[in-house]
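See below for run36.csv, which holds CSV, C-alpha atoms.
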```
chain,number,residue,atom,x,y,z
A,1,MET,CA,-27.0,44.3,0.6
A,2,ARG,CA,-23.7,43.8,-1.4
A,3,LYS,CA,-21.8,43.2,1.8
A,4,LEU,CA,-24.3,40.6,3.0
A,5,SER,CA,-24.1,38.7,-0.3
A,6,MET,CA,-20.3,38.8,-0.1
A,7,LEU,CA,-20.4,37.4,3.4
A,8,VAL,CA,-22.8,34.7,2.4
A,9,ALA,CA,-20.5,33.8,-0.6
A,10,GLY,CA,-17.5,33.8,1.7
A,11,ALA,CA,-19.2,31.5,4.2
A,12,ALA,CA,-20.2,29.1,1.4
A,13,VAL,CA,-16.6,28.9,0.3
A,14,ILE,CA,-15.4,28.2,3.9
A,15,ALA,CA,-18.2,25.6,4.3
A,16,LEU,CA,-17.2,23.8,1.1
A,17,ALA,CA,-13.5,23.8,2.0
A,18,ALA,CA,-14.0,22.6,5.6
A,19,PRO,CA,-15.0,19.0,4.7
A,20,ARG,CA,-11.9,18.6,2.5
A,21,ALA,CA,-9.6,19.6,5.4
A,22,ALA,CA,-11.4,17.2,7.6
A,23,GLN,CA,-11.0,14.4,5.0
A,24,ALA,CA,-7.3,14.9,4.9
A,25,GLN,CA,-7.1,14.1,8.6
A,26,GLU,CA,-9.2,11.0,8.2
A,27,LYS,CA,-6.3,9.3,6.4
A,28,ASP,CA,-3.3,7.8,8.3
A,29,ILE,CA,0.3,8.7,7.4
A,30,VAL,CA,0.6,5.8,4.9
A,31,GLU,CA,-2.7,6.6,3.1
A,32,THR,CA,-1.8,10.4,3.1
A,33,ALA,CA,1.7,9.7,1.6
A,34,VAL,CA,0.3,7.3,-1.0
A,35,ALA,CA,-2.4,9.8,-2.0
A,36,ALA,CA,0.2,12.5,-2.5
A,37,GLY,CA,1.7,10.4,-5.4
A,38,SER,CA,5.3,11.5,-4.9
A,39,PHE,CA,6.3,8.8,-2.4
A,40,LYS,CA,6.0,5.6,-4.4
A,41,THR,CA,9.6,4.5,-3.6
A,42,LEU,CA,9.1,5.2,0.1
A,43,ALA,CA,5.8,3.3,0.1
A,44,LYS,CA,7.4,0.3,-1.6
A,45,LEU,CA,10.4,0.3,0.9
A,46,LEU,CA,8.0,0.6,3.9
A,47,THR,CA,6.2,-2.4,2.5
A,48,ASP,CA,9.5,-4.3,2.0
A,49,ALA,CA,10.6,-3.5,5.5
A,50,GLY,CA,7.3,-4.5,7.1
A,51,LEU,CA,6.6,-1.1,8.5
A,52,ILE,CA,3.2,-0.3,6.9
A,53,GLU,CA,1.2,-1.5,9.8
A,54,THR,CA,3.4,0.3,12.3
A,55,LEU,CA,2.8,3.7,10.5
A,56,LYS,CA,-0.9,3.0,10.2
A,57,GLY,CA,-0.9,2.6,14.0
A,58,PRO,CA,-2.2,5.2,16.5
A,59,GLY,CA,1.1,7.2,16.7
A,60,PRO,CA,1.4,10.1,16.7
A,61,PHE,CA,4.3,10.1,14.3
A,62,THR,CA,6.3,12.7,12.6
A,63,VAL,CA,7.7,11.4,9.3
A,64,PHE,CA,10.4,13.2,7.4
A,65,ALA,CA,9.4,11.7,4.0
A,66,PRO,CA,11.9,11.7,1.1
A,67,THR,CA,10.3,12.1,-2.3
A,68,ASP,CA,10.8,9.7,-5.2
A,69,GLU,CA,13.4,12.3,-6.5
A,70,ALA,CA,15.3,12.1,-3.2
A,71,PHE,CA,15.5,8.3,-3.5
A,72,ALA,CA,16.6,8.6,-7.1
A,73,LYS,CA,19.8,10.4,-5.8
A,74,VAL,CA,20.7,7.3,-3.8
A,75,PRO,CA,23.2,5.1,-5.6
A,76,ALA,CA,21.4,2.0,-7.1
A,77,ALA,CA,23.9,-0.3,-5.4
A,78,THR,CA,23.0,1.2,-2.0
A,79,LEU,CA,19.3,0.7,-2.6
A,80,ALA,CA,20.0,-2.9,-3.8
A,81,ALA,CA,22.0,-3.6,-0.7
A,82,LEU,CA,19.2,-2.3,1.5
A,83,GLY,CA,16.8,-4.4,-0.4
A,84,LYS,CA,18.7,-7.5,0.6
A,85,ASP,CA,19.2,-6.5,4.2
A,86,LYS,CA,15.7,-6.0,5.7
A,87,ALA,CA,17.1,-5.0,9.2
A,88,ALA,CA,19.3,-2.3,7.6
A,89,LEU,CA,16.4,-1.1,5.4
A,90,LYS,CA,14.1,-0.9,8.5
A,91,ASN,CA,16.7,1.1,10.4
A,92,VAL,CA,17.1,3.6,7.5
A,93,LEU,CA,13.4,4.1,7.3
A,94,LEU,CA,12.8,4.4,11.0
A,95,TYR,CA,15.6,7.1,11.1
A,96,HIS,CA,13.0,9.2,9.2
A,97,VAL,CA,10.4,8.8,12.0
A,98,VAL,CA,10.2,10.8,15.2
A,99,GLY,CA,7.7,9.9,17.9
A,100,GLY,CA,5.0,12.6,18.6
A,101,LYS,CA,3.5,15.2,16.3
A,102,VAL,CA,6.2,17.8,15.6
A,103,MET,CA,4.7,20.6,13.5
A,104,ALA,CA,6.8,23.1,11.6
A,105,ALA,CA,6.4,25.8,14.3
A,106,ASP,CA,7.7,23.3,16.9
A,107,ALA,CA,10.7,22.4,14.7
A,108,LEU,CA,11.6,26.1,14.4
A,109,LYS,CA,11.9,26.2,18.2
A,110,MET,CA,14.3,23.2,18.0
A,111,ASN,CA,16.9,25.0,16.0
A,112,GLY,CA,20.3,23.4,16.7
A,113,LYS,CA,18.7,20.7,18.8
A,114,SER,CA,18.3,17.0,18.2
A,115,ALA,CA,15.3,14.7,18.1
A,116,LYS,CA,15.3,11.0,18.9
A,117,THR,CA,14.2,8.9,15.9
A,118,ALA,CA,12.3,5.6,16.0
A,119,GLU,CA,15.6,3.9,14.9
A,120,GLY,CA,17.2,5.1,18.1
A,121,ASP,CA,19.7,7.7,16.9
A,122,ASP,CA,19.1,11.4,16.8
A,123,VAL,CA,18.5,13.8,13.9
A,124,LYS,CA,19.6,17.4,14.1
A,125,ILE,CA,17.1,20.1,13.3
A,126,MET,CA,18.6,23.3,11.9
A,127,VAL,CA,17.1,26.6,10.7
A,128,MET,CA,19.1,28.7,8.4
A,129,GLY,CA,17.3,31.8,7.2
A,130,ASP,CA,14.1,30.6,5.8
A,131,LYS,CA,15.3,27.0,5.4
A,132,VAL,CA,14.7,24.1,7.8
A,133,MET,CA,17.0,21.2,7.6
A,134,VAL,CA,17.0,17.7,9.1
A,135,ASN,CA,20.6,16.6,9.1
A,136,GLN,CA,21.7,17.3,5.4
A,137,ALA,CA,18.2,17.2,4.0
A,138,ASN,CA,16.1,20.3,3.2
A,139,VAL,CA,12.5,20.4,4.4
A,140,VAL,CA,10.6,21.4,1.2
A,141,LYS,CA,7.0,21.1,2.4
A,142,THR,CA,5.7,21.0,6.0
A,143,ASP,CA,2.7,20.1,8.1
A,144,ILE,CA,0.9,17.5,5.9
A,145,VAL,CA,-1.4,16.4,8.6
A,146,ALA,CA,-2.7,12.9,8.9
A,147,LYS,CA,-5.0,11.4,11.6
A,148,ASN,CA,-2.0,9.7,13.3
A,149,GLY,CA,0.7,12.4,12.8
A,150,VAL,CA,2.3,14.7,10.4
A,151,ILE,CA,4.6,14.5,7.3
A,152,HIS,CA,7.3,16.9,6.4
A,153,VAL,CA,8.7,16.4,2.9
A,154,ILE,CA,12.5,16.3,2.5
A,155,ASP,CA,14.7,16.4,-0.6
A,156,ALA,CA,17.2,13.7,0.5
A,157,VAL,CA,17.4,10.4,2.1
A,158,ILE,CA,19.0,10.7,5.6
A,159,LEU,CA,21.1,7.8,6.9
A,160,PRO,CA,21.7,6.9,10.5
A,161,PRO,CA,25.2,7.1,11.8
A,162,ALA,CA,27.3,4.0,11.1
A,163,LYS,CA,27.4,1.6,14.0
A,164,LYS,CA,30.8,0.8,15.5
```

In structure tokens, how does this file's structure come out?
Amino acid sequence: MRKLSMLVAGAAVIALAAPRAAQAQEKDIVETAVAAGSFKTLAKLLTDAGLIETLKGPGPFTVFAPTDEAFAKVPAATLAALGKDKAALKNVLLYHVVGGKVMAADALKMNGKSAKTAEGDDVKIMVMGDKVMVNQANVVKTDIVAKNGVIHVIDAVILPPAKK
């Protein structure tokens, strides 16, 4: 009888948790990032660059999302310059987006390989021990699933290569 009551209690916990997981997937990438609360700067810059509707689209997208702390490391003059140059801002932000849904397990298989970004240049995926890096940024949280893709949190803003 005790085993049966434990099984029923366990099933109830699973049943209560299941709707929350489904709700997380009802939000798009933008809604998911805003709800997280640590991407205020990213959300503002996406708005400034006119990319909100793009990332609310069907996707799927993989977004390497810098936190507010990551943006705080960027010199104020650089952010101000990007604020004045919408095309450059858009390129920097699109450099954080890869087409398709690349989950952490997929990224591990890409060790040392590159992925084409929505900006047009490649980012390099590297695995060093238990750390995954995208260019020079550490991936600090993975697989935040949205209905139109996935977010991986990074600790730095990555910049596309300078154009010649």

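Considering the residues A:Ala43, A:Val63, A:Val34, A:Val97 and counting only C-alpha atoms, Ile151 in chain A has its shortest atom-to-atom contact with A:Val63.
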
* Please provide the set of residues having any atom within 10 Å of Ile52 in chain A, restricted to all atoms listed in the file, with same-chain residues fewer than 5 positions apart removed, written as a VMD selection string. => chain A and resid 29 to 31 43 to 47 57

* Take CA of Phe61 in chain A and CA of Gly149 in chain A and report the distance between them in Å, one decimal. =>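 Here the two named atoms are 4.5 Å from each other.
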
* To do: Using only C-alpha atoms, determine which residues lie at most 10 Å from range 158-163 of chain A, disregarding the query and same-chain residues fewer than 5 positions distant; provide the list as number ranges by chain.
  => A: 64-66, 70, 88, 91-96, 117, 119-123, 134-137

* Between CA of Pro75 in chain A and CA of Thr41 in chain A, measure the distance and give it in Å to one decimal. =>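 These atoms are spaced 13.8 Å apart.
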
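Distances here use all atoms listed in the file; by that measure, the residue among A:Ala115, A:Ala81, A:Ile144, A:Leu51 closest to Gly100 in chain A is A:Ala115.
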
* Mind pulling up the distance from CA of Asp155 in chain A to CA of Ala33 in chain A? -> 14.8 Å

* Exercise: Ala49 in chain A partners within 7 Å, all atoms listed in the file, chain neighbours under 4 positions left out, as a ChimeraX atom specification -> /A:45,86,89-90

* Which residue, A:Lys56, A:Lys40, A:Thr142, A:Leu82, has the smallest gap to Ala107 in chain A when you use only C-alpha atoms? -> A:Thr142

* Which residue, A:Val140, A:Ile125, A:Val132, A:Ala156, has the smallest gap to Ala72 in chain A when you use all atoms listed in the file? ->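 Of A:Val140, A:Ile125, A:Val132, A:Ala156, the one nearest Ala72 in chain A, counting all atoms listed in the file, is A:Ala156.
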
* Asked: A:Lys124, A:Met133, A:Leu42, A:Asp48: which is nearest Gly112 in chain A, counting all atoms listed in the file?
  -> A:Lys124

* Which is closer to Asn148 in chain A than all the others in A:Val102, A:Val74, A:Val127, A:Ala35, using only C-alpha atoms? ->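 Answer, going by the shortest atom-to-atom distance: A:Val102.
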